[in-house]
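The structure file input-v5.tsv is reproduced below (TSV, C-alpha atoms).
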chain	number	residue	atom	x	y	z
Y	163	MET	CA	-16.67	-32.99	16.75
Y	164	VAL	CA	-17.50	-30.56	13.94
Y	165	SER	CA	-15.07	-30.81	11.05
Y	166	THR	CA	-14.03	-27.89	8.92
Y	167	GLU	CA	-15.61	-29.45	5.84
Y	168	ALA	CA	-18.93	-29.82	7.64
Y	169	CYS	CA	-19.18	-26.13	8.52
Y	170	ASN	CA	-21.51	-25.22	5.68
Y	171	SER	CA	-24.68	-23.19	6.06
Y	172	ARG	CA	-26.89	-26.22	6.84
Y	173	SER	CA	-24.65	-27.68	9.54
Y	174	PHE	CA	-24.10	-24.25	11.03
Y	175	SER	CA	-27.88	-23.72	11.23
Y	176	TRP	CA	-28.08	-26.94	13.22
Y	177	LEU	CA	-25.44	-25.62	15.62
Y	178	VAL	CA	-27.36	-22.42	16.19
Y	179	LYS	CA	-30.67	-24.19	16.70
Y	180	SER	CA	-29.10	-26.63	19.16
Y	181	CYS	CA	-27.97	-23.74	21.34
Y	182	LEU	CA	-31.33	-21.92	21.40
Y	183	PRO	CA	-33.98	-23.12	23.89
Y	184	ASN	CA	-37.06	-24.83	22.44
Y	185	PRO	CA	-40.28	-24.28	24.45
Y	186	HIS	CA	-41.79	-27.50	23.09
Y	187	GLN	CA	-38.73	-29.63	23.78
Y	188	GLU	CA	-39.75	-30.61	27.31
Y	189	THR	CA	-43.23	-31.72	26.24
Y	190	ARG	CA	-41.88	-33.84	23.41
Y	191	ARG	CA	-39.21	-35.29	25.66
Y	192	LYS	CA	-41.74	-36.49	28.24
Y	193	ALA	CA	-43.97	-38.02	25.58
Y	194	SER	CA	-41.00	-39.77	24.00
Y	195	LEU	CA	-39.83	-41.10	27.36
Y	196	ILE	CA	-43.25	-42.62	28.03
Y	197	SER	CA	-43.28	-44.25	24.61
Y	198	ARG	CA	-39.73	-45.58	24.84
Y	199	THR	CA	-40.20	-46.81	28.40
Y	200	ALA	CA	-43.11	-48.87	27.17
Y	201	ASP	CA	-40.79	-50.38	24.58
Y	202	ASN	CA	-38.16	-51.15	27.30
Y	203	VAL	CA	-35.81	-48.40	26.08
Y	204	SER	CA	-33.48	-47.02	28.75
Y	205	PRO	CA	-34.39	-43.37	29.62
Y	206	GLU	CA	-30.74	-42.67	30.42
Y	207	ASN	CA	-29.67	-43.57	26.90
Y	208	HIS	CA	-32.43	-41.40	25.47
Y	209	ASN	CA	-31.30	-38.40	27.51
Y	210	LEU	CA	-27.88	-38.71	25.91
Y	211	LYS	CA	-29.43	-38.64	22.44
Y	212	CYS	CA	-31.45	-35.51	23.27
Y	213	ALA	CA	-28.46	-33.54	24.59
Y	214	SER	CA	-27.84	-30.29	22.68
Y	215	ILE	CA	-24.51	-28.68	21.90
Y	216	SER	CA	-25.22	-26.00	24.52
Y	217	SER	CA	-25.06	-28.68	27.22
Y	218	LEU	CA	-21.46	-29.57	26.38
Y	219	PRO	CA	-18.72	-28.58	28.85
Y	220	ASP	CA	-16.80	-25.42	28.01
Y	221	ASP	CA	-13.69	-27.23	26.79
Y	222	LEU	CA	-15.61	-29.46	24.36
Y	223	LEU	CA	-17.79	-26.64	23.08
Y	224	LEU	CA	-14.72	-24.45	22.61
Y	225	GLU	CA	-13.06	-27.24	20.64
Y	226	CYS	CA	-16.09	-27.58	18.37
Y	227	LEU	CA	-16.49	-23.86	17.73
Y	228	SER	CA	-12.78	-23.41	17.06
Y	229	ARG	CA	-13.17	-25.52	13.89
Y	230	VAL	CA	-15.88	-23.36	12.35
Y	231	THR	CA	-14.85	-21.59	9.14
Y	232	SER	CA	-13.71	-17.97	9.44
Y	233	SER	CA	-16.64	-16.70	7.36
Y	234	SER	CA	-19.11	-18.12	9.92
Y	235	LEU	CA	-17.43	-16.70	13.03
Y	236	PRO	CA	-19.35	-13.37	13.02
Y	237	SER	CA	-22.59	-15.38	13.11
Y	238	VAL	CA	-21.26	-17.63	15.87
Y	239	ALA	CA	-20.62	-14.60	18.07
Y	240	LEU	CA	-24.26	-13.53	17.68
Y	241	VAL	CA	-25.81	-16.82	18.88
Y	242	CYS	CA	-25.53	-16.12	22.61
Y	243	ARG	CA	-23.32	-14.41	25.17
Y	244	ARG	CA	-21.48	-17.65	25.96
Y	245	TRP	CA	-20.50	-18.22	22.34
Y	246	SER	CA	-19.50	-14.59	21.91
Y	247	GLN	CA	-17.13	-14.86	24.87
Y	248	PHE	CA	-15.57	-17.99	23.40
Y	249	VAL	CA	-14.95	-16.39	20.01
Y	250	THR	CA	-13.20	-13.37	21.53
Y	251	SER	CA	-11.13	-15.37	24.05
Y	252	THR	CA	-7.40	-16.05	23.91
Y	253	ALA	CA	-8.05	-19.79	24.30
Y	254	PHE	CA	-10.16	-19.77	21.12
Y	255	TYR	CA	-7.36	-18.07	19.18
Y	256	SER	CA	-4.81	-20.57	20.53
Y	257	LEU	CA	-6.97	-23.54	19.50
Y	258	ARG	CA	-7.32	-22.25	15.94
Y	259	ARG	CA	-3.57	-21.77	15.79
Y	260	ALA	CA	-2.98	-25.31	17.12
Y	261	ASN	CA	-5.38	-26.69	14.49
Y	262	ASP	CA	-3.54	-24.79	11.74
Y	263	LEU	CA	-6.62	-22.73	10.89
Y	264	LEU	CA	-4.98	-19.30	10.95
Y	265	ARG	CA	-3.77	-17.60	7.79
Y	266	PRO	CA	-1.89	-14.27	7.51
Y	267	THR	CA	-4.34	-11.70	6.20
Y	268	LEU	CA	-3.81	-8.08	5.21
Y	269	TYR	CA	-6.33	-5.63	6.69
Y	270	ALA	CA	-7.00	-2.04	5.69
Y	271	VAL	CA	-9.04	0.06	8.13
Y	272	ALA	CA	-10.39	3.59	7.70
Y	273	VAL	CA	-12.50	5.67	10.09
Y	274	SER	CA	-14.92	8.34	8.90
Y	275	ASP	CA	-17.98	10.18	10.17
Y	276	PHE	CA	-20.09	7.45	8.55
Y	277	GLY	CA	-18.48	4.65	10.52
Y	278	VAL	CA	-15.61	2.18	10.29
Y	279	LEU	CA	-14.66	0.67	6.94
Y	280	SER	CA	-12.52	-2.46	6.83
Y	281	ALA	CA	-11.19	-4.62	4.00
Y	282	SER	CA	-9.28	-7.90	4.19
Y	283	HIS	CA	-7.19	-9.74	1.63
Y	284	ARG	CA	-5.17	-12.95	1.51
Y	285	PHE	CA	-2.35	-13.41	-0.96
Y	286	GLU	CA	-3.94	-16.39	-2.66
Y	287	PRO	CA	-4.80	-16.77	-6.37
Y	288	GLY	CA	-8.25	-15.49	-7.21
Y	289	ARG	CA	-8.96	-13.99	-3.77
Y	290	PRO	CA	-10.41	-10.47	-3.97
Y	291	TRP	CA	-10.59	-7.87	-1.23
Y	292	LYS	CA	-13.48	-8.37	1.20
Y	293	THR	CA	-14.95	-5.08	2.40
Y	294	VAL	CA	-17.08	-4.56	5.52
Y	295	LEU	CA	-18.71	-1.26	6.57
Y	296	PHE	CA	-19.80	-0.73	10.17
Y	297	THR	CA	-22.31	2.04	9.54
Y	298	GLY	CA	-22.45	4.54	12.37
Y	299	ALA	CA	-20.06	2.53	14.54
Y	300	ALA	CA	-17.91	5.52	15.43
Y	301	PRO	CA	-20.70	8.00	16.26
Y	302	ALA	CA	-22.61	5.36	18.19
Y	303	GLU	CA	-19.66	4.79	20.45
Y	304	GLY	CA	-18.78	8.47	20.79
Y	305	LEU	CA	-15.78	8.19	18.49
Y	306	GLU	CA	-15.29	10.99	15.99
Y	307	ALA	CA	-13.27	10.56	12.83
Y	308	SER	CA	-11.12	13.60	13.66
Y	309	SER	CA	-10.00	12.03	16.94
Y	310	LEU	CA	-8.69	9.00	15.03
Y	311	SER	CA	-6.98	10.88	12.21
Y	312	HIS	CA	-3.37	9.79	11.56
Y	313	ALA	CA	-4.10	6.72	13.66
Y	314	ARG	CA	-1.73	3.77	13.96
Y	315	LEU	CA	-2.99	0.19	13.58
Y	316	VAL	CA	-1.73	-2.65	15.77
Y	317	ALA	CA	-2.87	-6.28	15.45
Y	318	LEU	CA	-3.02	-8.45	18.56
Y	319	ASP	CA	-4.55	-11.94	18.26
Y	320	SER	CA	-7.93	-11.48	16.57
Y	321	SER	CA	-8.17	-7.77	17.37
Y	322	ILE	CA	-7.02	-4.70	15.49
Y	323	TYR	CA	-6.42	-1.66	17.69
Y	324	VAL	CA	-6.84	1.76	16.11
Y	325	LEU	CA	-4.79	4.25	18.13
Y	326	GLY	CA	-5.57	7.91	17.47
Y	327	ARG	CA	-4.36	11.20	18.86
Y	328	ASN	CA	-6.78	11.24	21.79
Y	329	ALA	CA	-8.98	8.18	21.23
Y	330	SER	CA	-8.60	4.45	20.68
Y	331	MET	CA	-10.83	1.61	19.59
Y	332	ARG	CA	-10.69	-2.13	19.03
Y	333	TYR	CA	-12.04	-3.96	16.00
Y	334	ASP	CA	-12.51	-7.70	16.55
Y	335	ILE	CA	-12.15	-9.34	13.14
Y	336	TRP	CA	-14.03	-12.53	14.12
Y	337	SER	CA	-17.05	-11.12	15.91
Y	338	GLU	CA	-16.92	-7.91	13.79
Y	339	ILE	CA	-17.52	-5.82	16.90
Y	340	VAL	CA	-16.12	-2.28	17.13
Y	341	ALA	CA	-15.71	-0.89	20.65
Y	342	PRO	CA	-13.90	2.11	22.19
Y	343	ARG	CA	-10.83	1.59	24.34
Y	344	ALA	CA	-8.88	3.73	26.77
Y	345	PRO	CA	-6.91	6.52	25.07
Y	346	MET	CA	-3.18	7.03	25.56
Y	347	PHE	CA	-2.00	9.31	28.36
Y	348	HIS	CA	-0.19	11.67	26.01
Y	349	PRO	CA	-1.79	12.90	22.75
Y	350	ARG	CA	0.34	11.68	19.84
Y	351	LYS	CA	0.49	12.15	16.09
Y	352	LYS	CA	2.62	10.20	13.64
Y	353	PHE	CA	4.08	8.02	16.37
Y	354	ALA	CA	5.54	4.50	16.56
Y	355	ALA	CA	3.36	1.61	17.74
Y	356	ALA	CA	3.78	-2.18	17.81
Y	357	ALA	CA	2.61	-5.27	19.68
Y	358	VAL	CA	5.29	-6.98	21.78
Y	359	THR	CA	4.72	-10.09	23.92
Y	360	GLY	CA	0.98	-9.58	24.16
Y	361	LYS	CA	0.99	-5.84	24.88
Y	362	ILE	CA	1.09	-2.66	22.80
Y	363	TYR	CA	3.90	-0.09	23.01
Y	364	VAL	CA	3.89	3.46	21.65
Y	365	ALA	CA	6.61	6.13	21.46
Y	366	GLY	CA	7.21	9.47	19.75
Y	367	GLY	CA	4.78	11.90	18.20
Y	368	SER	CA	4.42	13.91	21.42
Y	369	ARG	CA	6.22	16.67	23.31
Y	370	THR	CA	7.20	14.08	25.90
Y	371	ALA	CA	9.65	11.21	25.33
Y	372	ALA	CA	7.52	8.85	27.41
Y	373	VAL	CA	7.06	5.28	26.16
Y	374	GLU	CA	3.62	3.91	27.00
Y	375	GLU	CA	2.46	0.32	27.40
Y	376	TYR	CA	-1.10	-0.88	26.88
Y	377	ASP	CA	-2.53	-3.97	28.58
Y	378	PRO	CA	-5.51	-5.30	26.53
Y	379	GLY	CA	-6.74	-7.42	29.45
Y	380	SER	CA	-7.26	-4.49	31.81
Y	381	ASP	CA	-7.69	-1.80	29.11
Y	382	THR	CA	-5.11	0.41	30.82
Y	383	TRP	CA	-2.05	2.43	29.80
Y	384	ARG	CA	1.09	3.14	31.81
Y	385	VAL	CA	4.42	4.86	31.20
Y	386	VAL	CA	7.29	2.35	31.25
Y	387	SER	CA	10.31	4.30	29.99
Y	388	GLU	CA	11.75	7.46	28.42
Y	389	ALA	CA	13.00	7.21	24.85
Y	390	PRO	CA	16.59	8.33	24.19
Y	391	LYS	CA	15.36	10.31	21.15
Y	392	ASN	CA	12.00	12.05	20.97
Y	393	ARG	CA	10.85	11.54	17.40
Y	394	TYR	CA	8.02	12.80	15.20
Y	395	GLY	CA	6.90	10.84	12.15
Y	396	CYS	CA	8.49	7.62	13.40
Y	397	ILE	CA	7.41	4.03	12.68
Y	398	GLY	CA	7.09	1.07	15.04
Y	399	ALA	CA	7.98	-2.59	14.58
Y	400	ALA	CA	8.62	-5.58	16.84
Y	401	VAL	CA	10.86	-8.64	16.62
Y	402	GLU	CA	10.97	-11.10	19.50
Y	403	SER	CA	10.87	-8.95	22.66
Y	404	VAL	CA	12.28	-5.76	21.14
Y	405	PHE	CA	10.24	-2.67	20.24
Y	406	TYR	CA	11.81	-0.75	17.32
Y	407	VAL	CA	11.23	3.01	17.02
Y	408	ILE	CA	12.36	3.84	13.49
Y	409	GLY	CA	13.03	7.08	11.62
Y	410	GLY	CA	11.30	10.40	12.08
Y	411	LEU	CA	12.60	13.85	13.03
Y	412	LYS	CA	13.62	15.30	16.35
Y	413	ILE	CA	10.93	17.06	18.37
Y	414	GLY	CA	12.41	20.27	19.77
Y	415	ASN	CA	11.19	22.53	22.55
Y	416	GLY	CA	8.73	24.35	20.34
Y	417	SER	CA	9.10	22.89	16.87
Y	418	ARG	CA	9.05	19.39	15.49
Y	419	THR	CA	12.11	20.08	13.37
Y	420	GLU	CA	14.03	22.35	15.73
Y	421	CYS	CA	17.42	20.76	15.39
Y	422	PRO	CA	20.50	21.08	13.18
Y	423	ARG	CA	20.26	19.64	9.68
Y	424	GLY	CA	22.79	16.90	10.39
Y	425	GLU	CA	21.06	15.81	13.58
Y	426	ALA	CA	17.68	15.70	11.84
Y	427	HIS	CA	19.20	13.49	9.15
Y	428	MET	CA	20.63	11.22	11.85
Y	429	TYR	CA	17.17	10.78	13.38
Y	430	ALA	CA	15.58	10.05	10.00
Y	431	SER	CA	17.93	7.13	9.26
Y	432	SER	CA	18.25	5.62	12.75
Y	433	MET	CA	16.19	3.50	15.11
Y	434	ASP	CA	16.02	2.96	18.86
Y	435	LEU	CA	15.61	-0.54	20.32
Y	436	TYR	CA	13.68	-1.07	23.54
Y	437	ASP	CA	13.83	-4.47	25.27
Y	438	VAL	CA	10.42	-4.82	26.94
Y	439	GLU	CA	11.57	-7.68	29.18
Y	440	THR	CA	14.63	-6.01	30.70
Y	441	ARG	CA	13.21	-2.47	30.35
Y	442	ALA	CA	16.48	-1.38	28.79
Y	443	TRP	CA	17.45	0.40	25.58
Y	444	LEU	CA	19.83	-1.41	23.25
Y	445	ARG	CA	22.45	0.14	21.01
Y	446	SER	CA	20.88	2.30	18.30
Y	447	ARG	CA	21.03	1.12	14.68
Y	448	HIS	CA	21.37	3.25	11.57
Y	449	VAL	CA	20.33	2.52	8.00
Y	450	PRO	CA	23.47	2.27	5.81
Y	451	ASN	CA	23.97	5.14	3.36
Y	452	GLY	CA	21.59	7.34	5.33
Y	453	GLY	CA	18.38	8.42	3.74
Y	454	CYS	CA	15.00	9.10	5.30
Y	455	VAL	CA	13.01	6.09	6.49
Y	456	VAL	CA	9.52	6.34	4.97
Y	457	ALA	CA	8.20	2.87	5.81
Y	458	ALA	CA	9.19	-0.11	7.93
Y	459	CYS	CA	7.83	-3.42	9.21
Y	460	ALA	CA	8.88	-6.73	10.75
Y	461	ALA	CA	8.56	-10.18	9.14
Y	462	GLY	CA	10.17	-13.54	9.85
Y	463	GLY	CA	12.61	-12.24	12.45
Y	464	TYR	CA	13.84	-9.30	10.34
Y	465	VAL	CA	13.09	-5.60	10.16
Y	466	TYR	CA	12.48	-4.29	6.64
Y	467	VAL	CA	13.06	-0.60	5.94
Y	468	LEU	CA	12.18	1.51	2.93
Y	469	ALA	CA	14.38	4.63	2.73
Y	470	SER	CA	14.10	7.66	0.48
Y	471	HIS	CA	17.14	9.44	-0.97
Y	472	ALA	CA	15.27	12.34	-2.61
Y	473	VAL	CA	15.48	10.87	-6.12
Y	474	GLU	CA	15.40	7.13	-5.43
Y	475	LEU	CA	14.25	4.50	-2.93
Y	476	SER	CA	16.33	1.82	-1.24
Y	477	PHE	CA	15.09	-1.30	0.52
Y	478	TRP	CA	16.96	-2.81	3.48
Y	479	ARG	CA	16.75	-5.73	5.87
Y	480	CYS	CA	18.06	-5.74	9.44
Y	481	ASP	CA	18.53	-9.01	11.32
Y	482	GLY	CA	16.41	-8.88	14.49
Y	483	ARG	CA	17.11	-12.39	15.71
Y	484	ARG	CA	18.93	-11.81	18.97
Y	485	SER	CA	19.96	-15.44	19.38
Y	486	GLY	CA	21.82	-15.48	16.06
Y	487	PRO	CA	25.31	-14.23	15.21
Y	488	GLY	CA	24.01	-11.70	12.71
Y	489	PHE	CA	21.89	-9.63	15.06
Y	490	GLY	CA	21.79	-6.03	13.90
Y	491	GLU	CA	23.45	-6.64	10.53
Y	492	TRP	CA	22.05	-4.84	7.47
Y	493	CYS	CA	21.54	-6.21	3.98
Y	494	ARG	CA	20.46	-4.21	0.94
Y	495	LEU	CA	17.63	-5.75	-1.09
Y	496	THR	CA	16.10	-5.07	-4.49
Y	497	SER	CA	14.31	-1.74	-4.52
Y	498	PRO	CA	10.55	-1.79	-5.15
Y	499	PRO	CA	9.44	-1.13	-8.75
Y	500	VAL	CA	7.54	2.06	-7.95
Y	501	PRO	CA	6.11	3.69	-11.12
Y	502	ALA	CA	8.27	6.48	-12.48
Y	503	GLN	CA	5.32	8.90	-12.29
Y	504	VAL	CA	5.44	8.80	-8.48
Y	505	ARG	CA	7.69	11.59	-7.24
Y	506	LEU	CA	9.43	11.29	-3.90
Y	507	ASP	CA	8.40	14.72	-2.69
Y	508	GLY	CA	6.27	13.76	0.29
Y	509	THR	CA	3.02	13.74	-1.71
Y	510	VAL	CA	2.92	9.95	-1.74
Y	511	ARG	CA	2.76	8.02	1.52
Y	512	PHE	CA	4.18	4.52	1.88
Y	513	CYS	CA	3.02	1.77	4.22
Y	514	CYS	CA	5.02	-1.39	4.80
Y	515	VAL	CA	3.40	-4.46	6.39
Y	516	GLY	CA	4.87	-7.86	7.17
Y	517	VAL	CA	2.52	-10.63	6.01
Y	518	GLY	CA	3.51	-14.05	7.27
Y	519	GLU	CA	6.99	-15.43	7.65
Y	520	SER	CA	8.10	-15.04	4.08
Y	521	VAL	CA	6.30	-12.02	2.62
Y	522	ALA	CA	6.76	-8.30	3.27
Y	523	LEU	CA	4.27	-5.97	1.65
Y	524	VAL	CA	4.88	-2.38	0.63
Y	525	GLN	CA	1.76	-0.47	-0.19
Y	526	VAL	CA	1.92	2.81	-2.04
Y	527	VAL	CA	-0.75	5.19	-0.78
Y	528	GLY	CA	-1.13	8.84	-1.51
Y	529	SER	CA	-2.60	11.66	-3.55
Y	530	ILE	CA	-1.23	10.50	-6.88
Y	531	ASP	CA	-4.16	12.03	-8.76
Y	532	ASP	CA	-3.42	15.42	-7.21
Y	533	LEU	CA	0.24	15.05	-8.09
Y	534	LEU	CA	-0.53	14.30	-11.73
Y	535	ARG	CA	-2.96	17.19	-12.00
Y	536	ARG	CA	-0.35	19.60	-10.68
Y	537	SER	CA	2.22	18.30	-13.15
Y	538	GLY	CA	-0.24	18.48	-16.06
Y	539	ARG	CA	0.08	14.76	-16.85
Y	540	SER	CA	-2.44	11.95	-17.07
Y	541	GLU	CA	-1.02	8.46	-16.84
Y	542	ARG	CA	-3.03	5.32	-17.44
Y	543	GLY	CA	-2.89	2.51	-14.94
Y	544	LEU	CA	-1.65	4.73	-12.11
Y	545	LYS	CA	-3.97	5.09	-9.14
Y	546	ASP	CA	-4.10	5.36	-5.37
Y	547	GLY	CA	-3.78	2.13	-3.43
Y	548	LEU	CA	-1.09	0.42	-5.49
Y	549	VAL	CA	0.13	-2.74	-3.70
Y	550	LEU	CA	3.54	-4.31	-4.27
Y	551	VAL	CA	4.52	-7.61	-2.66
Y	552	TYR	CA	8.09	-8.60	-1.85
Y	553	GLU	CA	8.73	-12.33	-1.58
Y	554	CYS	CA	11.39	-12.66	1.11
Y	555	ARG	CA	12.48	-16.14	0.06
Y	556	THR	CA	12.98	-15.37	-3.62
Y	557	GLY	CA	13.87	-11.69	-3.31
Y	558	GLU	CA	11.38	-10.73	-6.04
Y	559	TRP	CA	8.73	-8.03	-6.23
Y	560	ASN	CA	5.24	-8.75	-7.59
Y	561	ARG	CA	2.17	-6.64	-8.22
Y	562	GLY	CA	-0.57	-7.28	-5.69
Y	563	SER	CA	-4.28	-6.60	-5.81
Y	564	ASP	CA	-4.94	-2.86	-5.53
Y	565	LEU	CA	-6.81	-1.55	-2.52
Y	566	PRO	CA	-10.50	-0.77	-3.03
Y	567	GLU	CA	-10.83	2.87	-4.05
Y	568	VAL	CA	-12.74	3.79	-0.89
Y	569	LEU	CA	-9.77	2.58	1.18
Y	570	SER	CA	-6.90	4.03	-0.83
Y	571	ARG	CA	-5.72	6.13	2.14
Y	572	ALA	CA	-6.48	3.63	4.90
Y	573	GLY	CA	-4.01	2.29	7.43
Y	574	CYS	CA	-2.86	-1.32	6.94
Y	575	VAL	CA	-1.87	-4.13	9.28
Y	576	CYS	CA	-1.49	-7.92	9.15
Y	577	SER	CA	-3.48	-10.26	11.36
Y	578	GLU	CA	-3.92	-14.03	11.42
Y	579	CYS	CA	-7.50	-15.20	11.05

As structure tokens:
Amino acid sequence: MVSTEACNSRSFSWLVKSCLPNPHQETRRKASLISRTADNVSPENHNLKCASISSLPDDLLLECLSRVTSSSLPSVALVCRRWSQFVTSTAFYSLRRANDLLRPTLYAVAVSDFGVLSASHRFEPGRPWKTVLFTGAAPAEGLEASSLSHARLVALDSSIYVLGRNASMRYDIWSEIVAPRAPMFHPRKKFAAAAVTGKIYVAGGSRTAAVEEYDPGSDTWRVVSEAPKNRYGCIGAAVESVFYVIGGLKIGNGSRTECPRGEAHMYASSMDLYDVETRAWLRSRHVPNGGCVVAACAAGGYVYVLASHAVELSFWRCDGRRSGPGFGEWCRLTSPPVPAQVRLDGTVRFCCVGVGESVALVQVVGSIDDLLRRSGRSERGLKDGLVLVYECRTGEWNRGSDLPEVLSRAGCVCSEC
């Protein structure tokens, strides 16, 4: 058994070497057997001593590899095809969870013509952002940056799925492999997406109200329902077996905003609930006091919503625990301490991500520099990629580590690794 403490560079080198075939091993083995037989040493016992880690049964090898440190997993996946399949398997992820080796981690992913850029960060003292660039990953796989513009990120086990208008890809955070995946049936932009019970659901952002379901195992999409409201600019979240389609504006016959002012406002402050198990839509919920939902996420059985009221922001929590008596009840929380220089005029984009059971993160992303230039002001300490962390247990906001400048406009998602 390989312990977590023993997974340093030297011990890991031994693991790699034990898996690779040695052309001189057979010659040395025969010579050793002759010598030991002369000394009355049992050949059977010697064979046990010479066994390599590659000769272990799948279950034992999987158990050993599941205890390797996260930083060594990309190298593990490169040893051989067998190890690569283990690292990317569901059983491997389950073993790391059972051994309490998974930690909620915030990921920021951006796609450009130069490749895929990813950064990860854990909310631990002294931990900086870790940035990885996959140079040429998108062009090599036939993925253009324009096809993944306005993409939504969805985390499922050790994979992050980047869903674009007419293209999709998967980024495996352990093997650090980027690969294309089947695109959605209907081209979408600014749509809702979330992972529910092992599958991915998308809705809105298209001229059709179709709700699509993605099966990662078969890499296939299918239409499973029709949404009661066809929304543009909506946000997705998931609690238990319910897919939440939150906010946005109504998509009309020829215009995204072709609806009366009151109805548009109703869309912007409401959400539709789709039960993926019963294939039924639950009663719609509205954010108290109206407002326009600009960010939302799920964490610890609740849905957190950030709403804009033109001159101020409000922060809300909706109980998503269906087994409890408070299902669907709203509670107003302390508003985030957004700098006063940030105007709520649509120039700044907000992204809300649930990180773990007790932390919800609101990340402020946008063209703040452009906003300040237009207003003729220059404020110190204000930049793109400002991160604010809300501690759900204490109800307090704290300043997080800012995003790297090259990722200030990236999409964010939480994954356990």

What are the closest atom pairs, with distances in Å to one decimal, for all residues of segment 325-373 of chain Y lying within 12 Å of segment 567-577 of chain Y? Consider only C-alpha atoms, order rows by chain and residue number, and present the result as a tab-separated table.
residue	atom	partner	partner_atom	distance
Y:Leu325	CA	Y:Gly573	CA	10.9
Y:Gly326	CA	Y:Gly573	CA	11.6
Y:Tyr333	CA	Y:Ser577	CA	11.6
Y:Asp334	CA	Y:Ser577	CA	10.7
Y:Ile335	CA	Y:Ser577	CA	8.9
Y:Trp336	CA	Y:Ser577	CA	11.1
Y:Ala355	CA	Y:Val575	CA	11.5
Y:Ala356	CA	Y:Val575	CA	10.4
Y:Ala357	CA	Y:Val575	CA	11.4

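Atom CA of Phe276 of chain Y is found 12.7 Å from atom CA of Val294 of chain Y.
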
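The protein and nucleic acid residues lying at most 9 Å from Tyr376 of chain Y are Y:Met346, Y:Lys361, Y:Ile362, Y:Tyr363, Y:Val364, Y:Thr382, Y:Trp383, Y:Arg384, with all atoms listed in the file considered and sequence neighbours fewer than 6 positions away removed.
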
Let me see the file: selected residues, C-alpha atoms, as a short mmCIF file (atom, residue, chain, number, x, y, z; two decimals), in the coordinates of the input.
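Output file part.cif is given in full below:
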data_model
loop_
_atom_site.label_atom_id
_atom_site.label_comp_id
_atom_site.auth_asym_id
_atom_site.auth_seq_id
_atom_site.Cartn_x
_atom_site.Cartn_y
_atom_site.Cartn_z
CA MET Y 346 -3.18 7.03 25.56
CA LYS Y 361 0.99 -5.84 24.88
CA ILE Y 362 1.09 -2.66 22.80
CA TYR Y 363 3.90 -0.09 23.01
CA VAL Y 364 3.89 3.46 21.65
CA THR Y 382 -5.11 0.41 30.82
CA TRP Y 383 -2.05 2.43 29.80
CA ARG Y 384 1.09 3.14 31.81
#

Of the listed residues Y:Ile339, Y:Cys396, Y:Cys493, Y:Val438, that which approaches Cys454 of chain Y most closely, counting only C-alpha atoms: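 Closest candidate: Y:Cys396.
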
Among the residues Y:Asn451, Y:Val465, Y:Thr252, Y:Asp377, the one that comes closest to Val407 of chain Y [using all atoms listed in the file]: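 So, comparing all the options, the nearest one is Y:Val465.
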
Which residue gives the smallest distance to Asp381 of chain Y among Y:Trp478, Y:Tyr323, Y:Trp291, Y:Trp443, with all atoms listed in the file counted?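 Of all the options, Y:Tyr323 lies closest to Asp381 of chain Y.
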
Shortest interatomic distance to Arg314 of chain Y - which of Y:Gly398, Y:Pro236, Y:Gly453, Y:Pro219, counting only C-alpha atoms: Y:Gly398

Pick from Y:Cys514, Y:Pro450, Y:Lys391, Y:Phe405 nearest to Tyr429 of chain Y, counting only C-alpha atoms: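 For Tyr429 of chain Y, the nearest of the candidates is Y:Lys391.
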
For atom CA of Gly516 of chain Y and atom CA of Val551 of chain Y, the interatomic separation in Å (one decimal):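 Straight-line distance from atom CA of Gly516 of chain Y to atom CA of Val551 of chain Y works out to 9.8 Å.
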
Atomic separation - atom CA of Tyr464 of chain Y relative to atom CA of Leu495 of chain Y, Å: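 Interatomic distance here is 12.6 Å.
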
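Remark: for Ala430 of chain Y, the closest of the candidate residues Y:Gly379, Y:Ser214, Y:Arg393, Y:Arg445 is Y:Arg393 (distances computed over all atoms listed in the file).
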
Any idea what's packed within 9 Å of segment 259-273 of chain Y, counting only C-alpha atoms, ignoring anything in its chain fewer than 4 positions away? Could you give it as a PyMOL selection string? chain Y and resi 228-229+231-232+254-255+277-285+300+306-308+310-311+315+322+324+515-519+565+568-579

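Around segment 488-490 of chain Y, within 12 Å and counting only C-alpha atoms, the residues found are Val401, Glu402, Val404, Tyr406, Met433, Asp434, Leu435, Leu444, Arg445, Ser446, Arg447, His448, Val449, Pro450, Gly463, Tyr464, Val465, Tyr466, Trp478, Arg479, Cys480, Asp481 and Gly482 of chain Y, once anything fewer than 6 positions away on its own chain is removed.
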